[in-house]
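Participant: Contents are compact mmCIF, C-alpha atoms and all ligand atoms; file name target-v7.txt:
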# COMPACT_ATOMS: atom_id res chain seq x y z
CA MET D 1 -40.43 -27.47 -33.76
CA ALA D 2 -38.61 -24.44 -35.08
CA PRO D 3 -37.39 -24.31 -38.68
CA THR D 4 -33.67 -24.37 -39.35
CA THR D 5 -33.68 -20.80 -40.71
CA GLU D 6 -35.71 -17.60 -40.17
CA PRO D 7 -39.39 -18.47 -40.79
CA ILE D 8 -40.94 -17.31 -44.05
CA LEU D 9 -44.31 -18.99 -43.52
CA GLU D 10 -45.94 -19.72 -40.15
CA VAL D 11 -49.17 -21.59 -39.63
CA GLY D 12 -51.01 -21.60 -36.32
CA GLY D 13 -54.16 -23.50 -35.35
CA LEU D 14 -55.16 -23.92 -38.98
CA VAL D 15 -58.63 -25.43 -39.37
CA LYS D 16 -60.75 -26.21 -42.42
CA HIS D 17 -64.12 -27.80 -41.80
CA TYR D 18 -66.46 -28.45 -44.71
CA PRO D 19 -70.05 -28.31 -43.44
CA LEU D 20 -72.21 -31.32 -44.22
CA THR D 21 -75.70 -30.32 -45.27
CA ARG D 22 -78.90 -32.23 -45.99
CA GLY D 23 -82.03 -31.23 -47.86
CA VAL D 24 -82.45 -28.94 -50.87
CA VAL D 25 -85.01 -26.39 -49.68
CA PHE D 26 -84.39 -26.43 -45.93
CA ARG D 27 -80.66 -27.01 -45.80
CA LYS D 28 -79.74 -28.54 -42.48
CA HIS D 29 -76.21 -28.62 -41.14
CA GLU D 30 -75.27 -32.09 -39.98
CA GLY D 31 -71.74 -31.94 -38.71
CA ALA D 32 -68.64 -31.28 -40.79
CA VAL D 33 -65.79 -32.92 -42.64
CA LYS D 34 -62.85 -31.96 -40.47
CA ALA D 35 -60.31 -31.98 -43.30
CA VAL D 36 -57.76 -29.88 -41.41
CA ASP D 37 -58.26 -29.76 -37.68
CA GLY D 38 -55.57 -27.72 -35.94
CA VAL D 39 -52.31 -27.65 -37.88
CA ASP D 40 -49.22 -25.76 -36.68
CA PHE D 41 -45.85 -25.49 -38.39
CA ALA D 42 -43.29 -23.01 -39.61
CA LEU D 43 -41.32 -23.07 -42.84
CA GLY D 44 -37.83 -21.57 -42.79
CA ARG D 45 -36.42 -19.50 -45.66
CA GLY D 46 -34.70 -21.72 -48.19
CA GLU D 47 -35.93 -24.79 -46.36
CA THR D 48 -38.02 -27.74 -47.52
CA LEU D 49 -40.70 -29.03 -45.22
CA GLY D 50 -42.07 -32.39 -46.27
CA ILE D 51 -45.63 -33.23 -45.27
CA VAL D 52 -46.65 -36.88 -45.44
CA GLY D 53 -49.69 -38.91 -44.52
CA GLU D 54 -52.22 -41.35 -45.90
CA SER D 55 -54.88 -40.43 -48.44
CA GLY D 56 -57.58 -38.16 -47.01
CA CYS D 57 -55.55 -36.88 -44.04
CA GLY D 58 -55.85 -33.28 -45.25
CA LYS D 59 -52.58 -32.65 -47.12
CA SER D 60 -54.13 -31.05 -50.20
CA THR D 61 -56.45 -28.97 -48.05
CA VAL D 62 -53.42 -27.57 -46.20
CA ALA D 63 -51.81 -26.81 -49.58
CA LYS D 64 -54.92 -24.97 -50.81
CA LEU D 65 -55.16 -22.98 -47.59
CA LEU D 66 -51.52 -21.90 -47.87
CA CYS D 67 -52.08 -20.72 -51.45
CA HIS D 68 -55.37 -18.98 -50.64
CA LEU D 69 -57.35 -21.31 -52.86
CA GLU D 70 -59.50 -22.03 -49.79
CA ARG D 71 -60.42 -19.89 -46.80
CA PRO D 72 -59.68 -21.37 -43.38
CA THR D 73 -62.45 -21.96 -40.83
CA ALA D 74 -60.03 -20.83 -38.12
CA GLY D 75 -56.34 -20.23 -37.50
CA ALA D 76 -53.73 -17.99 -39.04
CA ILE D 77 -51.15 -18.02 -41.82
CA ARG D 78 -48.28 -15.55 -41.56
CA PHE D 79 -45.95 -14.68 -44.43
CA LYS D 80 -42.71 -12.98 -43.35
CA GLY D 81 -44.34 -12.13 -40.04
CA GLU D 82 -47.49 -10.59 -41.55
CA ASP D 83 -50.87 -12.22 -40.95
CA ILE D 84 -52.19 -12.89 -44.46
CA THR D 85 -55.14 -15.08 -43.48
CA ARG D 86 -57.89 -12.59 -44.03
CA LEU D 87 -56.39 -10.32 -46.66
CA SER D 88 -58.51 -9.42 -49.65
CA GLY D 89 -58.33 -7.31 -52.81
CA ARG D 90 -55.02 -5.85 -53.83
CA ALA D 91 -53.17 -6.87 -50.65
CA LEU D 92 -54.17 -10.49 -51.15
CA LYS D 93 -53.15 -10.40 -54.81
CA ALA D 94 -49.71 -9.10 -53.88
CA VAL D 95 -49.15 -11.90 -51.35
CA ARG D 96 -50.51 -14.62 -53.64
CA ARG D 97 -47.75 -13.91 -56.12
CA ASN D 98 -45.27 -15.04 -53.52
CA ILE D 99 -46.81 -18.40 -52.69
CA GLN D 100 -47.37 -20.59 -55.73
CA MET D 101 -48.60 -24.14 -56.08
CA VAL D 102 -47.38 -27.04 -58.21
CA PHE D 103 -50.11 -29.64 -58.62
CA GLN D 104 -50.09 -33.39 -58.41
CA ASP D 105 -51.35 -34.58 -61.71
CA PRO D 106 -49.59 -33.23 -64.77
CA TYR D 107 -52.18 -34.99 -66.94
CA THR D 108 -55.22 -33.12 -65.68
CA SER D 109 -53.77 -29.90 -64.28
CA LEU D 110 -52.73 -28.55 -67.70
CA ASN D 111 -55.46 -27.32 -70.03
CA PRO D 112 -55.19 -29.53 -73.15
CA ARG D 113 -56.42 -26.74 -75.44
CA MET D 114 -53.76 -24.25 -74.41
CA THR D 115 -50.22 -24.16 -75.79
CA VAL D 116 -47.30 -24.53 -73.43
CA GLY D 117 -46.57 -20.85 -73.91
CA ASP D 118 -50.10 -19.87 -72.85
CA ILE D 119 -50.01 -22.23 -69.86
CA VAL D 120 -46.67 -21.06 -68.52
CA GLY D 121 -47.49 -17.40 -69.27
CA GLU D 122 -51.02 -17.55 -67.80
CA PRO D 123 -49.97 -16.11 -64.41
CA TYR D 124 -48.95 -12.93 -66.31
CA ASP D 125 -52.61 -12.43 -67.33
CA ILE D 126 -53.55 -12.22 -63.65
CA HIS D 127 -50.44 -10.25 -62.67
CA PRO D 128 -49.64 -8.15 -65.77
CA GLU D 129 -47.25 -6.06 -63.70
CA ALA D 130 -44.92 -9.08 -63.45
CA ALA D 131 -44.00 -9.01 -67.16
CA PRO D 132 -44.71 -6.37 -69.79
CA LYS D 133 -46.67 -7.77 -72.77
CA GLY D 134 -43.78 -7.53 -75.20
CA GLU D 135 -41.51 -9.47 -72.83
CA ARG D 136 -43.73 -12.41 -72.09
CA ARG D 137 -42.70 -14.76 -74.87
CA ARG D 138 -39.05 -14.36 -73.99
CA ARG D 139 -39.79 -14.85 -70.28
CA VAL D 140 -41.74 -18.02 -70.98
CA GLN D 141 -38.91 -19.36 -73.14
CA GLU D 142 -36.47 -18.62 -70.34
CA LEU D 143 -38.69 -20.50 -67.90
CA LEU D 144 -38.86 -23.51 -70.23
CA ASP D 145 -35.09 -23.49 -70.45
CA VAL D 146 -34.76 -23.23 -66.66
CA VAL D 147 -36.86 -26.38 -66.14
CA GLY D 148 -34.92 -28.30 -68.77
CA LEU D 149 -37.35 -28.05 -71.70
CA ASP D 150 -36.48 -26.85 -75.19
CA PRO D 151 -37.68 -23.21 -75.52
CA GLU D 152 -38.72 -24.09 -79.08
CA TYR D 153 -41.57 -26.17 -77.62
CA ILE D 154 -43.47 -23.03 -76.73
CA ASN D 155 -46.21 -23.60 -79.34
CA ARG D 156 -46.79 -27.27 -78.57
CA TYR D 157 -49.73 -28.71 -76.63
CA PRO D 158 -49.61 -30.73 -73.38
CA HIS D 159 -50.48 -34.04 -75.09
CA GLN D 160 -47.24 -33.81 -77.04
CA PHE D 161 -45.23 -34.26 -73.83
CA SER D 162 -44.47 -37.12 -71.47
CA GLY D 163 -45.62 -37.05 -67.84
CA GLY D 164 -42.25 -35.86 -66.57
CA GLN D 165 -42.10 -33.10 -69.17
CA ARG D 166 -45.62 -32.04 -68.30
CA GLN D 167 -44.69 -31.72 -64.66
CA ARG D 168 -41.77 -29.54 -65.77
CA ILE D 169 -44.32 -27.32 -67.55
CA GLY D 170 -46.31 -27.12 -64.31
CA ILE D 171 -43.15 -26.17 -62.42
CA ALA D 172 -42.29 -23.49 -65.01
CA ARG D 173 -45.76 -22.00 -64.52
CA GLY D 174 -45.25 -22.10 -60.75
CA LEU D 175 -42.02 -20.11 -61.19
CA ALA D 176 -43.42 -17.48 -63.59
CA LEU D 177 -44.16 -14.89 -60.91
CA ARG D 178 -40.85 -15.51 -59.13
CA PRO D 179 -42.48 -16.68 -55.90
CA GLU D 180 -40.58 -17.11 -52.66
CA VAL D 181 -42.57 -20.15 -51.52
CA ILE D 182 -43.70 -23.12 -53.60
CA VAL D 183 -46.27 -25.53 -52.27
CA ALA D 184 -45.87 -28.73 -54.25
CA ASP D 185 -48.79 -31.10 -53.73
CA GLU D 186 -47.58 -34.59 -54.62
CA PRO D 187 -45.62 -33.26 -57.59
CA VAL D 188 -44.17 -36.65 -58.51
CA SER D 189 -46.79 -39.10 -57.28
CA ALA D 190 -48.37 -39.53 -60.72
CA LEU D 191 -45.02 -40.11 -62.43
CA ASP D 192 -43.06 -43.21 -63.28
CA VAL D 193 -40.52 -44.10 -60.60
CA SER D 194 -37.65 -43.52 -63.03
CA VAL D 195 -38.88 -39.99 -63.77
CA GLN D 196 -39.64 -39.09 -60.14
CA ALA D 197 -35.97 -38.68 -59.22
CA GLN D 198 -35.37 -36.36 -62.19
CA VAL D 199 -38.20 -34.06 -61.16
CA VAL D 200 -37.10 -34.12 -57.51
CA ASN D 201 -33.56 -33.23 -58.61
CA LEU D 202 -34.91 -30.40 -60.74
CA LEU D 203 -36.85 -28.98 -57.77
CA ASP D 204 -33.71 -29.27 -55.71
CA ARG D 205 -31.65 -27.32 -58.24
CA LEU D 206 -34.33 -24.63 -58.66
CA GLN D 207 -34.47 -24.17 -54.91
CA ALA D 208 -30.82 -23.16 -54.80
CA GLU D 209 -31.05 -21.10 -58.01
CA PHE D 210 -34.11 -19.07 -57.02
CA ASP D 211 -33.77 -19.09 -53.23
CA LEU D 212 -37.09 -20.93 -52.86
CA SER D 213 -38.73 -22.35 -49.78
CA TYR D 214 -40.78 -25.50 -50.33
CA VAL D 215 -43.68 -27.26 -48.73
CA PHE D 216 -43.41 -30.66 -50.38
CA ILE D 217 -46.41 -32.94 -49.96
CA ALA D 218 -46.33 -36.67 -50.55
CA HIS D 219 -47.85 -39.86 -49.23
CA ASP D 220 -44.59 -41.70 -49.73
CA LEU D 221 -42.06 -41.17 -46.95
CA SER D 222 -39.19 -42.34 -49.11
CA ILE D 223 -39.66 -39.54 -51.66
CA VAL D 224 -39.90 -36.82 -49.05
CA ARG D 225 -36.71 -37.80 -47.28
CA HIS D 226 -34.44 -36.88 -50.14
CA ILE D 227 -35.71 -33.38 -50.57
CA SER D 228 -36.77 -32.37 -47.04
CA ASP D 229 -34.86 -30.65 -44.28
CA ARG D 230 -37.74 -31.32 -41.93
CA VAL D 231 -40.73 -33.63 -42.15
CA GLY D 232 -44.21 -33.39 -40.63
CA VAL D 233 -46.41 -36.48 -40.43
CA MET D 234 -50.17 -35.87 -40.73
CA TYR D 235 -52.99 -38.05 -39.47
CA LEU D 236 -56.70 -37.16 -39.73
CA GLY D 237 -56.24 -33.42 -40.14
CA ARG D 238 -53.36 -32.87 -37.72
CA ILE D 239 -49.61 -33.09 -37.61
CA VAL D 240 -48.71 -35.85 -35.16
CA GLU D 241 -44.92 -35.69 -35.38
CA ILE D 242 -42.51 -33.17 -36.86
CA GLY D 243 -38.75 -32.83 -36.85
CA ARG D 244 -35.56 -32.78 -38.89
CA ASP D 245 -35.46 -35.58 -41.38
CA ALA D 246 -32.92 -37.68 -39.45
CA GLU D 247 -35.02 -37.29 -36.29
CA ILE D 248 -38.15 -38.53 -38.02
CA TYR D 249 -36.60 -41.33 -40.07
CA ASP D 250 -34.04 -42.62 -37.60
CA HIS D 251 -35.61 -41.71 -34.24
CA PRO D 252 -39.40 -41.66 -34.69
CA THR D 253 -41.31 -41.58 -31.42
CA HIS D 254 -44.93 -41.54 -32.59
CA PRO D 255 -46.52 -44.95 -33.23
CA TYR D 256 -48.13 -43.72 -36.46
CA THR D 257 -44.81 -42.55 -37.93
CA GLN D 258 -43.25 -45.84 -36.89
CA ALA D 259 -45.99 -47.75 -38.70
CA LEU D 260 -45.63 -45.64 -41.87
CA LEU D 261 -41.86 -46.11 -41.83
CA SER D 262 -42.18 -49.83 -41.39
CA ALA D 263 -43.93 -49.93 -44.78
CA VAL D 264 -41.21 -48.00 -46.67
CA PRO D 265 -39.42 -50.27 -49.16
CA VAL D 266 -35.91 -51.22 -48.07
CA PRO D 267 -33.53 -52.01 -50.95
CA ASP D 268 -31.04 -54.12 -48.96
CA PRO D 269 -32.45 -57.70 -48.75
CA GLU D 270 -30.76 -58.48 -45.44
CA ALA D 271 -31.98 -55.31 -43.78
CA ARG D 272 -35.40 -56.02 -45.24
CA GLU D 273 -35.47 -59.41 -43.57
CA HIS D 274 -34.65 -58.01 -40.15
CA ARG D 275 -36.99 -55.10 -40.15
CA GLU D 276 -40.28 -55.30 -38.37
CA ARG D 277 -43.50 -54.56 -40.27
CA ILE D 278 -46.07 -52.77 -38.13
CA LEU D 279 -49.54 -53.48 -39.44
CA LEU D 280 -52.21 -51.05 -38.28
CA ALA D 281 -55.57 -52.34 -37.22
CA GLY D 282 -58.73 -51.11 -38.94
CA ASP D 283 -59.29 -48.21 -41.31
CA VAL D 284 -58.70 -44.51 -40.94
CA PRO D 285 -61.79 -43.12 -39.12
CA SER D 286 -64.03 -40.71 -41.02
CA PRO D 287 -63.02 -37.05 -40.74
CA THR D 288 -66.68 -36.38 -39.87
CA ASN D 289 -66.32 -38.44 -36.70
CA ILE D 290 -62.88 -37.99 -35.17
CA PRO D 291 -62.11 -40.16 -32.10
CA SER D 292 -61.89 -38.40 -28.73
CA GLY D 293 -58.52 -37.82 -27.09
CA CYS D 294 -55.77 -39.05 -29.38
CA ARG D 295 -57.23 -39.31 -32.87
CA PHE D 296 -54.91 -42.22 -33.68
CA ARG D 297 -56.06 -44.36 -30.76
CA THR D 298 -58.49 -46.57 -32.72
CA ARG D 299 -55.53 -47.96 -34.68
CA CYS D 300 -52.75 -47.67 -32.12
CA TRP D 301 -51.31 -50.83 -30.57
CA LYS D 302 -50.20 -48.85 -27.53
CA ALA D 303 -53.51 -47.12 -26.76
CA GLN D 304 -54.52 -46.89 -23.09
CA GLU D 305 -57.43 -45.38 -21.26
CA ARG D 306 -55.73 -41.98 -21.04
CA CYS D 307 -55.54 -41.83 -24.83
CA ALA D 308 -59.35 -41.66 -25.11
CA ARG D 309 -59.57 -38.88 -22.52
CA GLU D 310 -56.72 -36.49 -23.24
CA VAL D 311 -55.65 -34.94 -26.51
CA PRO D 312 -51.86 -35.30 -26.73
CA ALA D 313 -50.15 -31.97 -27.48
CA LEU D 314 -47.67 -31.69 -30.34
CA ALA D 315 -44.57 -30.98 -28.24
CA VAL D 316 -41.30 -32.58 -27.18
CA PRO D 317 -42.42 -35.49 -24.96
CA ALA D 318 -41.41 -35.07 -21.30
CA VAL D 319 -39.26 -38.22 -21.34
CA PHE D 320 -36.94 -36.78 -23.97
CA ARG D 321 -36.95 -33.15 -22.90
CA ASP D 322 -33.64 -33.28 -21.04
CA THR D 323 -31.85 -35.62 -23.42
CA ARG D 324 -31.39 -33.04 -26.21
CA GLY D 325 -30.89 -36.07 -28.43
CA PRO D 326 -32.59 -36.74 -31.78
CA ALA D 327 -35.69 -38.17 -30.07
CA ALA D 328 -36.32 -34.76 -28.49
CA HIS D 329 -38.59 -33.44 -31.25
CA ASP D 330 -42.33 -32.72 -31.35
CA SER D 331 -44.53 -35.79 -31.13
CA ALA D 332 -48.20 -35.86 -30.16
CA CYS D 333 -48.24 -39.04 -28.09
CA HIS D 334 -48.73 -39.61 -24.34
CA PHE D 335 -46.49 -42.64 -24.48
CA ALA D 336 -43.88 -41.58 -27.01
CA GLU D 337 -40.97 -44.01 -27.28
CA GLU D 338 -38.06 -44.17 -29.63
CA LYS D 339 -38.17 -47.03 -32.08
CA ARG D 340 -35.87 -47.42 -35.02
CA VAL D 341 -37.83 -48.93 -37.87
CA VAL D 342 -35.70 -48.40 -40.98
CA PRO D 343 -32.03 -49.30 -41.27
CA PRO D 344 -29.59 -46.35 -41.51
CA GLU D 345 -29.20 -44.74 -44.93
CA GLU D 346 -26.15 -45.40 -47.04
CA GLY D 347 -24.74 -42.71 -49.30
CA PRO D 348 -26.48 -39.63 -50.64
CA PRO D 349 -29.48 -40.49 -52.80
CA ARG D 350 -29.56 -37.15 -54.60
CA SER D 351 -27.80 -37.33 -57.94
CA GLY D 352 -26.44 -34.74 -60.37
CA THR D 353 -28.30 -32.00 -62.13
CA PRO D 354 -30.83 -33.05 -64.69
CA GLY D 355 -30.19 -32.26 -68.32
CA ARG D 356 -32.90 -31.52 -70.84
CA ALA D 357 -36.04 -33.46 -70.20
CA ASN D 358 -36.55 -34.47 -73.80
CA GLY D 359 -35.61 -37.98 -72.82
CA ASP D 360 -37.98 -38.26 -69.84
CA GLY D 361 -39.74 -41.54 -70.37
CA PRO D 362 -43.48 -41.66 -70.80
CA GLY D 363 -44.29 -40.66 -67.24
N1 LIG D 401 -64.51 -29.42 -50.90
C1 LIG D 401 -64.65 -30.41 -50.02
N2 LIG D 401 -65.85 -30.68 -49.44
C2 LIG D 401 -65.99 -31.68 -48.54
N3 LIG D 401 -64.99 -32.48 -48.14
C3 LIG D 401 -63.78 -32.27 -48.68
C4 LIG D 401 -63.53 -31.23 -49.64
N4 LIG D 401 -62.21 -31.28 -49.99
C5 LIG D 401 -61.67 -32.29 -49.30
N5 LIG D 401 -62.60 -32.89 -48.50
C6 LIG D 401 -62.38 -34.02 -47.58
O1 LIG D 401 -61.39 -33.62 -46.67
C7 LIG D 401 -60.54 -34.72 -46.35
C8 LIG D 401 -59.10 -34.33 -46.66
O2 LIG D 401 -58.96 -34.22 -48.08
P1 LIG D 401 -57.57 -33.86 -48.77
O3 LIG D 401 -57.82 -33.83 -50.24
O4 LIG D 401 -57.01 -32.66 -48.14
O5 LIG D 401 -56.69 -35.12 -48.38
P2 LIG D 401 -55.25 -35.58 -48.92
O6 LIG D 401 -54.44 -35.89 -47.72
O7 LIG D 401 -54.73 -34.59 -49.89
O8 LIG D 401 -55.59 -36.96 -49.65
P3 LIG D 401 -54.89 -37.61 -50.96
O9 LIG D 401 -53.61 -38.25 -50.48
O10 LIG D 401 -55.88 -38.61 -51.40
O11 LIG D 401 -54.66 -36.53 -51.97
C9 LIG D 401 -61.04 -35.89 -47.15
O12 LIG D 401 -61.90 -36.65 -46.33
C10 LIG D 401 -61.82 -35.24 -48.27
O13 LIG D 401 -62.85 -36.08 -48.72
S1 LIG D 402 -51.43 -41.06 -27.35
FE1 LIG D 402 -52.01 -43.18 -27.01
S2 LIG D 402 -53.24 -43.74 -28.79
FE2 LIG D 402 -52.17 -41.85 -29.28
S3 LIG D 402 -50.36 -42.50 -30.35
FE3 LIG D 402 -49.79 -42.30 -28.20
S4 LIG D 402 -50.13 -44.32 -27.30
FE4 LIG D 402 -51.16 -44.30 -29.26
MG MG D 403 -54.18 -34.69 -51.88
Now that the file is in, can you turn its structure into structure tokens?
Facilitator:
Amino acid sequence: MAPTTEPILEVGGLVKHYPLTRGVVFRKHEGAVKAVDGVDFALGRGETLGIVGESGCGKSTVAKLLCHLERPTAGAIRFKGEDITRLSGRALKAVRRNIQMVFQDPYTSLNPRMTVGDIVGEPYDIHPEAAPKGERRRRVQELLDVVGLDPEYINRYPHQFSGGQRQRIGIARGLALRPEVIVADEPVSALDVSVQAQVVNLLDRLQAEFDLSYVFIAHDLSIVRHISDRVGVMYLGRIVEIGRDAEIYDHPTHPYTQALLSAVPVPDPEAREHRERILLAGDVPSPTNIPSGCRFRTRCWKAQERCAREVPALAVPAVFRDTRGPAAHDSACHFAEEKRVVPPEEGPPRSGTPGRANGDGPG
């Protein structure tokens, strides 16, 4: 599934296996946690790719691989056409500036003993070339202003802020080096629902202002919809369906996506009454012991014998190939079928630009 614009980041066959070992003296390898097990996608310039999936499916591991916080077991990551997977030293440092991460939990990801100024300016310690020493304070104040915080707060500590404000601090730090790509790993999941929309709106505004491309990770499909151009659904270390947001939300063809969508809250009571809840059988299998064939088959209500034998490729299913309709997007299922699960959306959910965050509730 191609991005809507020229690709800035391309991921092919990305794998991260954590070896399982036993014994202290004679360490024995006993299999591996297959956290990421063959992920492919491309992110277009200025685009937002949402990645969703249940806890433990490998979302954060993908995020860490993209930001070079982990080394992949196999596969490649390309930035603007250049393979950056195995860079080291100065070349790696130069690329890392361009791909920054915003973390999930604003309560634990900010060092409580550092002032906001030190936190937001910390990337300049690692990349002193990005801001001369005498300029840093002003730069940090500008960044605070950009994310809707009072620049006068520069000497305060994280505990003096609400959750939403703290996430704004994390975003300001992510912007310090003027990256081109931001990987946001569940940036609003730890926040109050009322504050989530403000932070999503802020990210939206910053994207336009700084020409950013986003990988936006969440477990909640409803949050991702409002910020994403395209959405990829992950299950047990792989993407099982990916497409433009309307294709995924209104024309899902993979049974797992359909099940996830059937659990999304629907505000309209009448629509809620008529929608079908798909309850999945059993638990997610362990990533140390992934089922043969289709990895979703142990929970899929449509599973057949072929599903245990053959791994379904992530591609446009043959039945939709000639239709060119919205169901013709990549879906890793031998028996892909269109099934509308959520009622059509009414009105744009994105709302105006956020003002100062001083009023963000206790997040
Ligand atoms: N350093 C590690 N060593 C061993 N296993 C790991 C390591 N990091 C992650 N895992 C395992 O890899 C799998 C994927 O973890 P990951 O954190 O990427 O999932 P996630 O989709 O981000 O989940 P969540 O929604 O809970 O944040 C999990 O089974 C996790 O326990
Ligand atoms: S390939 Fe088979 S088990 Fe997998 S999602 Fe499709 S029908 Fe279900
Ligand atoms: Mg995670």
Participant: Counting all atoms listed in the file, what are the residues, protein, DNA or RNA alike, that approach ligand LIG 401 (chain D) to within 10 Å? I want them as an MDAnalysis selection string.
Facilitator: chainID D and resid 16:20 32:36 51:65 70 104 185:186 189 217:220 234:237 285:288
Participant: So that each row is one residue of chain D with an atom at most 7 Å from ligand LIG 402 (chain D), can you give its shortest atom pair and the distance in Å to one decimal, using only C-alpha atoms and all ligand atoms, rows by chain and rising number, as CSV?
Facilitator:
residue,atom,partner,partner_atom,distance
D:His254,CA,D:LIG402,S3,6.0
D:Pro255,CA,D:LIG402,S3,5.4
D:Tyr256,CA,D:LIG402,S3,6.6
D:Cys294,CA,D:LIG402,FE2,4.6
D:Arg295,CA,D:LIG402,FE2,6.7
D:Phe296,CA,D:LIG402,FE2,5.2
D:Arg297,CA,D:LIG402,S2,3.5
D:Cys300,CA,D:LIG402,FE4,4.7
D:Trp301,CA,D:LIG402,FE4,6.7
D:Lys302,CA,D:LIG402,S4,4.5
D:Ala303,CA,D:LIG402,S2,4.0
D:Gln304,CA,D:LIG402,FE1,6.0
D:Cys307,CA,D:LIG402,FE1,4.4
D:Pro312,CA,D:LIG402,S1,5.8
D:Ala332,CA,D:LIG402,S1,6.7
D:Cys333,CA,D:LIG402,FE3,3.6
D:His334,CA,D:LIG402,S1,4.3
D:Phe335,CA,D:LIG402,S4,4.9
D:Ala336,CA,D:LIG402,FE3,6.1
Participant: Please compute the atom CA of Leu279 of chain D-atom CA of Gln258 of chain D distance, one decimal, in Å.
Facilitator: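 So the answer is 10.2 Å.
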Participant: Kindly indicate which residue among D:Leu175, D:Asp105, D:Gly148, D:His329 lies nearest to ligand MG 403 (chain D), using only C-alpha atoms and all ligand atoms for the distances.
Facilitator: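 Checking each of D:Leu175, D:Asp105, D:Gly148, D:His329 against ligand MG 403 (chain D), counting only C-alpha atoms and all ligand atoms, the winner is D:Asp105.
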Participant: Grab the atom CA of Pro3 of chain D to atom CA of Gly44 of chain D distance for me, in Å with one decimal place.
Facilitator: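 Value for the atom CA of Pro3 of chain D-atom CA of Gly44 of chain D distance: 5.0 Å.
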Participant: When you count all atoms listed in the file, which of these residues is closest to Leu206 of chain D: D:Thr85, D:Val240, D:Arg97, D:Gly46?
Facilitator: D:Gly46
Participant: In Å to one decimal, how far is atom CA of Arg244 of chain D from atom MG of ligand MG 403 (chain D)?
Facilitator: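 Taking atom MG of ligand MG 403 (chain D) as the start and atom CA of Arg244 of chain D as the end point, the length is 22.8 Å.
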Participant: Between D:Ala42, D:Ala190, D:Ile171, D:Leu260, which is the closest to ligand MG 403 (chain D) once you count only C-alpha atoms and all ligand atoms?
Facilitator: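 Closest to ligand MG 403 (chain D) of all the choices is D:Ala190.
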Participant: Identify, on the basis of all atoms listed in the file, every residue whose closest approach to His251 of chain D does not exceed 12 Å; exclude the query and any residue fewer than 6 positions from it along the same chain; express the result as an mmCIF file with C-alpha atoms, in the coordinates of the input.
Facilitator:
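Okay, this is what ended up in part.cif:
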data_model
loop_
_atom_site.group_PDB
_atom_site.id
_atom_site.type_symbol
_atom_site.label_atom_id
_atom_site.label_comp_id
_atom_site.auth_asym_id
_atom_site.auth_seq_id
_atom_site.Cartn_x
_atom_site.Cartn_y
_atom_site.Cartn_z
ATOM 1 C CA GLU D 241 -44.920 -35.690 -35.380
ATOM 2 C CA ILE D 242 -42.510 -33.170 -36.860
ATOM 3 C CA GLY D 243 -38.750 -32.830 -36.850
ATOM 4 C CA ARG D 244 -35.560 -32.780 -38.890
ATOM 5 C CA ASP D 245 -35.460 -35.580 -41.380
ATOM 6 C CA THR D 257 -44.810 -42.550 -37.930
ATOM 7 C CA GLN D 258 -43.250 -45.840 -36.890
ATOM 8 C CA LEU D 261 -41.860 -46.110 -41.830
ATOM 9 C CA PHE D 320 -36.940 -36.780 -23.970
ATOM 10 C CA GLY D 325 -30.890 -36.070 -28.430
ATOM 11 C CA PRO D 326 -32.590 -36.740 -31.780
ATOM 12 C CA ALA D 327 -35.690 -38.170 -30.070
ATOM 13 C CA ALA D 328 -36.320 -34.760 -28.490
ATOM 14 C CA HIS D 329 -38.590 -33.440 -31.250
ATOM 15 C CA ASP D 330 -42.330 -32.720 -31.350
ATOM 16 C CA SER D 331 -44.530 -35.790 -31.130
ATOM 17 C CA ALA D 336 -43.880 -41.580 -27.010
ATOM 18 C CA GLU D 337 -40.970 -44.010 -27.280
ATOM 19 C CA GLU D 338 -38.060 -44.170 -29.630
ATOM 20 C CA LYS D 339 -38.170 -47.030 -32.080
ATOM 21 C CA ARG D 340 -35.870 -47.420 -35.020
ATOM 22 C CA VAL D 341 -37.830 -48.930 -37.870
ATOM 23 C CA VAL D 342 -35.700 -48.400 -40.980
ATOM 24 C CA PRO D 343 -32.030 -49.300 -41.270
ATOM 25 C CA PRO D 344 -29.590 -46.350 -41.510
#
Participant: Would you please work out which residue, of D:Val266, D:Pro187, D:Glu152, D:Arg86, is nearest to ligand MG 403 (chain D) when using only C-alpha atoms and all ligand atoms?
Facilitator: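 Closest residue, counting only C-alpha atoms and all ligand atoms: D:Pro187.
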Participant: Produce the centre coordinates and the three edge lengths, each in Å to one decimal, of the box along x, y and z that contains all listed atoms of segment 87-100 of chain D with 3 Å added on each side, as AutoDock Vina command-line options.
Facilitator:
--center_x -51.9 --center_y -13.2 --center_z -51.4 --size_x 19.2 --size_y 20.7 --size_z 15.5
Participant: I need the residue nearest ligand MG 403 (chain D) from this list: D:Val15, D:Ala184, D:Leu69, D:Ala318. Use only C-alpha atoms and all ligand atoms for the distance.
Facilitator: D:Ala184
Participant: Excluding Pro112 of chain D and any residue of its chain fewer than 2 positions from it, enumerate the residues within 12 Å of it, using only C-alpha atoms, and give them as number ranges by chain.
Facilitator: D: 106-110, 114-116, 118-119, 156-161, 166
Participant: So which one's closest to ligand MG 403 (chain D), D:Phe103, D:Tyr124, D:Tyr153, D:Tyr214? Using all atoms listed in the file, please.
Facilitator: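 Closest candidate: D:Phe103.
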Participant: Name the residues within 8 Å of (-46.1, -20.9, -61.6), counting only C-alpha atoms in the file's coordinates, and put them as a list of chain:residue names.
Facilitator: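 With a cut-off of 8 Å, the residues come to D:Gln100, D:Met101, D:Val102, D:Val120, D:Pro123, D:Gly170, D:Ile171, D:Ala172, D:Arg173, D:Gly174, D:Leu175, D:Ala176, D:Leu177, D:Arg178, D:Pro179.
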